[in-house]
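Enquirer: The structure's right below; bear with me while I get my questions together.
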Amino acid sequence: MKDIQKNLRVALVQATPVMFNKDATIDKVCAQIREAGKNGAELIVFPESLIPCYPYGLTYGFTVGSRTEECRDDWKIYYDNAVVCPSADTDKIGEAARDAHAYVSIGYTERGVENGTLYCANMIFGPDGKLLCNHRKLKPTGAERLVWGDANRDYFPVVETPWGNMGALICWENYMPLARVALYMKGVSLYLCPNTNNNPEWHDTIKHIAIEGKCYVFHVNQYFTKDMYPADYHGPAADEIAKLPVAPCNGGSAIIDPYGHYVTEPVWDKECIIYADINPDEAARARMEFDPCGHYSRPDVTELIIHEK
């Protein structure tokens, strides 16, 4: 393992999107990146599908064997506000990362240029503004499958940083044991966890991942309320939105250390930027008696085969 730089200032951006508006959300994201950079952040982490938003509670009129043309219009709004990667949209975010001189991780809905399918994805930019990697969610969860396709590439990219290797799994990918191991096998000590979960069981999960992987876990959720949804939807969407809780995503973002302890306690019910200074050396120190893919493994008994693409 390479010697790693001591001390890392992290910013978790518990952000609120401009719902279903790609351009306005990107402008807001770039301002938050620059703000975090001015406050010394060297790693800035945003939630899952922040651009243009996570379409919480919408069905787009899907029932088994049937769709409606009105809801097809709603879906097209989401499609039109998805991000092509790379593009002028990603260049704007890269410029903000360069201005902040920070690594930036951001979740978004990607429109695949190779096929037109939408994907839940996560980009990581370097402090020079370059797009370092893109990860597509392996398996959208539940009714997410009506919106996003399964990843067809960009499975487990990892970025080398001065503080150790960094990778991301999105939301319920983190419940996939072999996906976690795929990151552990690549020596990840900075484990990014953009998501839309806010329940106690999820916090048990991210603590377990930190202990299991002997890594820092950066859990980042959005904050938005149902009155932020646009009022110009078609079909049943207005009724669906009316039935939502007041705050469908209410935050809970936090950093977990390699022993499963909170570095920052969960923050609820507001948009904010959470800052913390961590010592990445703790990941290596924690592996003294347990290294999940090193001395505490039995490759002669069990083996994971990763199909990179």
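We label chains A, B, ... in the order they appear in the structure tokens, count residues from 1 in each chain, and number ligands from 1 in the order shown.
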Just the residues within 10 Å of Pro86 (chain A), please, counting only C-alpha atoms, with nothing from its chain fewer than 3 positions along; format it as an MDAnalysis selection string.

Expert: chainID A and resid 83 89:91 110 113 123 131 134

Enquirer: List the neighbours of region 103-109 of chain A out to 8 Å using only C-alpha atoms; skip same-chain residues closer than 4 positions along the sequence, and give me the result as JSON, numbers by chain.

Expert: {"A": [33, 42, 43, 44, 45, 46, 47, 48, 49, 50, 51, 52, 53, 82, 83, 97, 118, 119, 120, 121, 122, 123, 124, 125, 126, 127, 194]}

Enquirer: Pick out the closest residue to Lys226 (chain A) from this set: A:Thr196, A:Ser66, A:Thr25, A:Thr16. Count only C-alpha atoms.

Expert: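 Nearest candidate to Lys226 (chain A) out of A:Thr196, A:Ser66, A:Thr25, A:Thr16: A:Thr16.
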
Enquirer: Just the number, please: distance in Å from CA of Leu183 (chain A) to CA of Ile274 (chain A), one decimal.

Expert: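 Separation between CA of Leu183 (chain A) and CA of Ile274 (chain A): 24.9 Å.
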
Enquirer: I'd like to know which of A:Gly94, A:Ile241, A:Asp232, A:Lys186 is closest to Asn165 (chain A), using only C-alpha atoms.

Expert: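 For Asn165 (chain A), the nearest of the given residues is A:Lys186.
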
Enquirer: Determine the nearest neighbour of Met19 (chain A) from the options A:Glu35, A:Asp150, A:Asp227, A:Glu95, counting only C-alpha atoms.

Expert: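 Smallest distance to Met19 (chain A) is found for A:Asp227.
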
Enquirer: Please report, as a PyMOL selection string, each residue of region 112-244 of chain A to which DSSP assigns alpha helix (DSSP H) when run on this structure's backbone.

Expert: chain A and resi 177-184+200-213+237-242

Enquirer: Leaving out region 261-267 of chain A and any residue of its chain fewer than 5 positions from it, which residues lie within 8 Å of it when counting only C-alpha atoms, given as a PyMOL selection string?

Expert: chain A and resi 207+251-256+276

Enquirer: If DSSP is run on the backbone, what residues of region 218-291 of chain A are strand (DSSP E or B)? A reply as number ranges by chain would be ideal.

Expert: A: 218-220, 223-224, 249-256, 262-268, 272-278

Enquirer: Atoms to include: N, CA and C atoms. Write the selected residues as a JSON list (two decimals), in the first residue's frame.

Expert:
[["chain", "number", "residue", "atom", "x", "y", "z"],
["A", 218, "PHE", "N", -18.91, 7.28, 3.69],
["A", 218, "PHE", "CA", -19.49, 8.62, 3.56],
["A", 218, "PHE", "C", -20.91, 8.47, 3.04],
["A", 219, "HIS", "N", -21.85, 8.57, 3.96],
["A", 219, "HIS", "CA", -23.28, 8.37, 3.66],
["A", 219, "HIS", "C", -23.91, 9.73, 3.41],
["A", 220, "VAL", "N", -24.46, 9.93, 2.20],
["A", 220, "VAL", "CA", -25.03, 11.23, 1.84],
["A", 220, "VAL", "C", -26.42, 11.05, 1.24],
["A", 223, "TYR", "N", -32.20, 16.23, 0.87],
["A", 223, "TYR", "CA", -33.31, 16.78, 1.65],
["A", 223, "TYR", "C", -34.23, 17.51, 0.70],
["A", 224, "PHE", "N", -35.49, 17.06, 0.61],
["A", 224, "PHE", "CA", -36.49, 17.80, -0.15],
["A", 224, "PHE", "C", -37.88, 17.49, 0.40],
["A", 249, "CYS", "N", -37.45, 12.79, 1.46],
["A", 249, "CYS", "CA", -36.04, 12.58, 1.82],
["A", 249, "CYS", "C", -35.68, 13.62, 2.87],
["A", 250, "ASN", "N", -35.34, 13.16, 4.07],
["A", 250, "ASN", "CA", -35.08, 14.11, 5.16],
["A", 250, "ASN", "C", -33.66, 14.01, 5.70],
["A", 251, "GLY", "N", -32.73, 13.55, 4.85],
["A", 251, "GLY", "CA", -31.32, 13.63, 5.23],
["A", 251, "GLY", "C", -30.83, 12.46, 6.04],
["A", 252, "GLY", "N", -30.09, 12.77, 7.10],
["A", 252, "GLY", "CA", -29.45, 11.73, 7.91],
["A", 252, "GLY", "C", -28.01, 11.45, 7.51],
["A", 253, "SER", "N", -27.43, 12.34, 6.69],
["A", 253, "SER", "CA", -26.06, 12.14, 6.20],
["A", 253, "SER", "C", -25.07, 12.09, 7.36],
["A", 254, "ALA", "N", -24.03, 11.24, 7.19],
["A", 254, "ALA", "CA", -23.06, 11.06, 8.27],
["A", 254, "ALA", "C", -21.80, 10.40, 7.72],
["A", 255, "ILE", "N", -20.71, 10.53, 8.47],
["A", 255, "ILE", "CA", -19.46, 9.84, 8.17],
["A", 255, "ILE", "C", -19.23, 8.80, 9.26],
["A", 256, "ILE", "N", -18.83, 7.59, 8.83],
["A", 256, "ILE", "CA", -18.56, 6.48, 9.75],
["A", 256, "ILE", "C", -17.08, 6.13, 9.65],
["A", 262, "TYR", "N", -19.62, 6.91, 14.49],
["A", 262, "TYR", "CA", -19.88, 8.15, 13.79],
["A", 262, "TYR", "C", -18.72, 9.13, 13.98],
["A", 263, "VAL", "N", -18.19, 9.63, 12.88],
["A", 263, "VAL", "CA", -17.30, 10.78, 12.92],
["A", 263, "VAL", "C", -18.14, 12.04, 13.01],
["A", 264, "THR", "N", -19.23, 12.06, 12.25],
["A", 264, "THR", "CA", -20.24, 13.11, 12.36],
["A", 264, "THR", "C", -21.58, 12.44, 12.59],
["A", 265, "GLU", "N", -22.33, 12.92, 13.54],
["A", 265, "GLU", "CA", -23.65, 12.37, 13.80],
["A", 265, "GLU", "C", -24.59, 12.70, 12.63],
["A", 266, "PRO", "N", -25.61, 11.86, 12.39],
["A", 266, "PRO", "CA", -26.56, 12.14, 11.31],
["A", 266, "PRO", "C", -27.23, 13.50, 11.50],
["A", 267, "VAL", "N", -27.38, 14.22, 10.40],
["A", 267, "VAL", "CA", -28.05, 15.52, 10.39],
["A", 267, "VAL", "C", -29.37, 15.37, 9.65],
["A", 268, "TRP", "N", -30.47, 15.82, 10.27],
["A", 268, "TRP", "CA", -31.80, 15.59, 9.74],
["A", 268, "TRP", "C", -32.51, 16.90, 9.41],
["A", 272, "CYS", "N", -27.82, 21.22, 4.04],
["A", 272, "CYS", "CA", -26.63, 21.73, 4.72],
["A", 272, "CYS", "C", -25.38, 21.10, 4.11],
["A", 273, "ILE", "N", -24.24, 21.65, 4.47],
["A", 273, "ILE", "CA", -22.94, 21.04, 4.16],
["A", 273, "ILE", "C", -22.30, 20.65, 5.48],
["A", 274, "ILE", "N", -21.95, 19.38, 5.59],
["A", 274, "ILE", "CA", -21.38, 18.82, 6.82],
["A", 274, "ILE", "C", -19.88, 18.66, 6.60],
["A", 275, "TYR", "N", -19.07, 19.24, 7.46],
["A", 275, "TYR", "CA", -17.62, 19.19, 7.33],
["A", 275, "TYR", "C", -17.01, 18.30, 8.41],
["A", 276, "ALA", "N", -15.92, 17.64, 8.04],
["A", 276, "ALA", "CA", -15.18, 16.85, 9.03],
["A", 276, "ALA", "C", -13.75, 16.71, 8.57],
["A", 277, "ASP", "N", -12.84, 16.64, 9.54],
["A", 277, "ASP", "CA", -11.43, 16.36, 9.27],
["A", 277, "ASP", "C", -11.13, 14.95, 9.76],
["A", 278, "ILE", "N", -10.65, 14.11, 8.85],
["A", 278, "ILE", "CA", -10.38, 12.72, 9.20],
["A", 278, "ILE", "C", -8.92, 12.38, 8.93]]

Enquirer: Can you work out which one of A:Leu304, A:Arg180, A:Ser297, A:Asn221 has the shortest atom-to-atom distance to Val13 (chain A), counting only C-alpha atoms?

Expert: A:Asn221

Enquirer: Report, in Å to a single decimal, how far apart CA of Met228 (chain A) and CA of Ala15 (chain A) are.

Expert: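 These two atoms are separated by 13.1 Å.
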
Enquirer: Mind checking which residues fall within 12 Å of Gly57 (chain A), counting only C-alpha atoms, ignoring those fewer than 4 positions away in the same chain, and posting them as an MDAnalysis selection string?

Expert: chainID A and resid 53 61 142:144 147 225:226 229 236:245 247:249

Enquirer: Fewer than 6 positions away in the same chain doesn't count, so skip those; otherwise give me all residues within 12 Å of Leu146 (chain A), counting only C-alpha atoms, as a VMD selection string.

Expert: chain A and resid 55 58 to 64 67 72 75 117 to 120 139 to 140

Enquirer: Could you name the residues that touch Lys92 (chain A) at 10 Å or less, counting only C-alpha atoms, but leaving out those on the same chain fewer than 3 positions away, as a ChimeraX atom specification?

Expert: /A:26-27,29-30,87-89,95-98,129

Enquirer: Select, from A:Arg111, A:Lys137, A:Arg285, A:Lys76, the residue with the minimum atom-to-atom distance to Tyr155 (chain A), counting only C-alpha atoms.

Expert: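 Using only C-alpha atoms, Tyr155 (chain A) sits closest to A:Lys137.
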
Enquirer: Compile the contact shell of Ala182 (chain A) as an NGL selection string: residues with an atom at most 10 Å away, counting only C-alpha atoms, same-chain residues fewer than 4 positions apart removed.

Expert: :A and (155-157 or 177-178 or 186-188 or 293 or 304-306)

Enquirer: Restricting it to C-alpha atoms, dump the selection as a CSV table (one decimal), in the first residue's frame.

Expert:
chain,number,residue,atom,x,y,z
A,155,TYR,CA,-19.2,-1.5,-12.7
A,156,PHE,CA,-16.6,-0.9,-10.0
A,157,PRO,CA,-14.3,2.0,-10.9
A,177,PRO,CA,-22.3,-8.6,-0.5
A,178,LEU,CA,-20.3,-9.4,-3.6
A,186,LYS,CA,-9.5,-3.0,-4.9
A,187,GLY,CA,-8.2,-1.7,-1.6
A,188,VAL,CA,-10.9,1.0,-1.0
A,293,CYS,CA,-9.4,-9.4,1.4
A,304,LEU,CA,-15.0,-13.7,-6.3
A,305,ILE,CA,-14.7,-13.3,-10.1
A,306,ILE,CA,-15.3,-9.7,-11.2

Enquirer: Measuring between only C-alpha atoms, which one of A:Val18, A:Ala286, A:Val10, A:Leu132 shows the shortest distance to Gln222 (chain A)?

Expert: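 Under the stated criterion, the closest residue is A:Val18.
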
Enquirer: Quote the spacing between CA of Tyr191 (chain A) and CA of Ile211 (chain A) in Å to one decimal place.

Expert: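 Calculated distance between CA of Tyr191 (chain A) and CA of Ile211 (chain A) is 11.7 Å.
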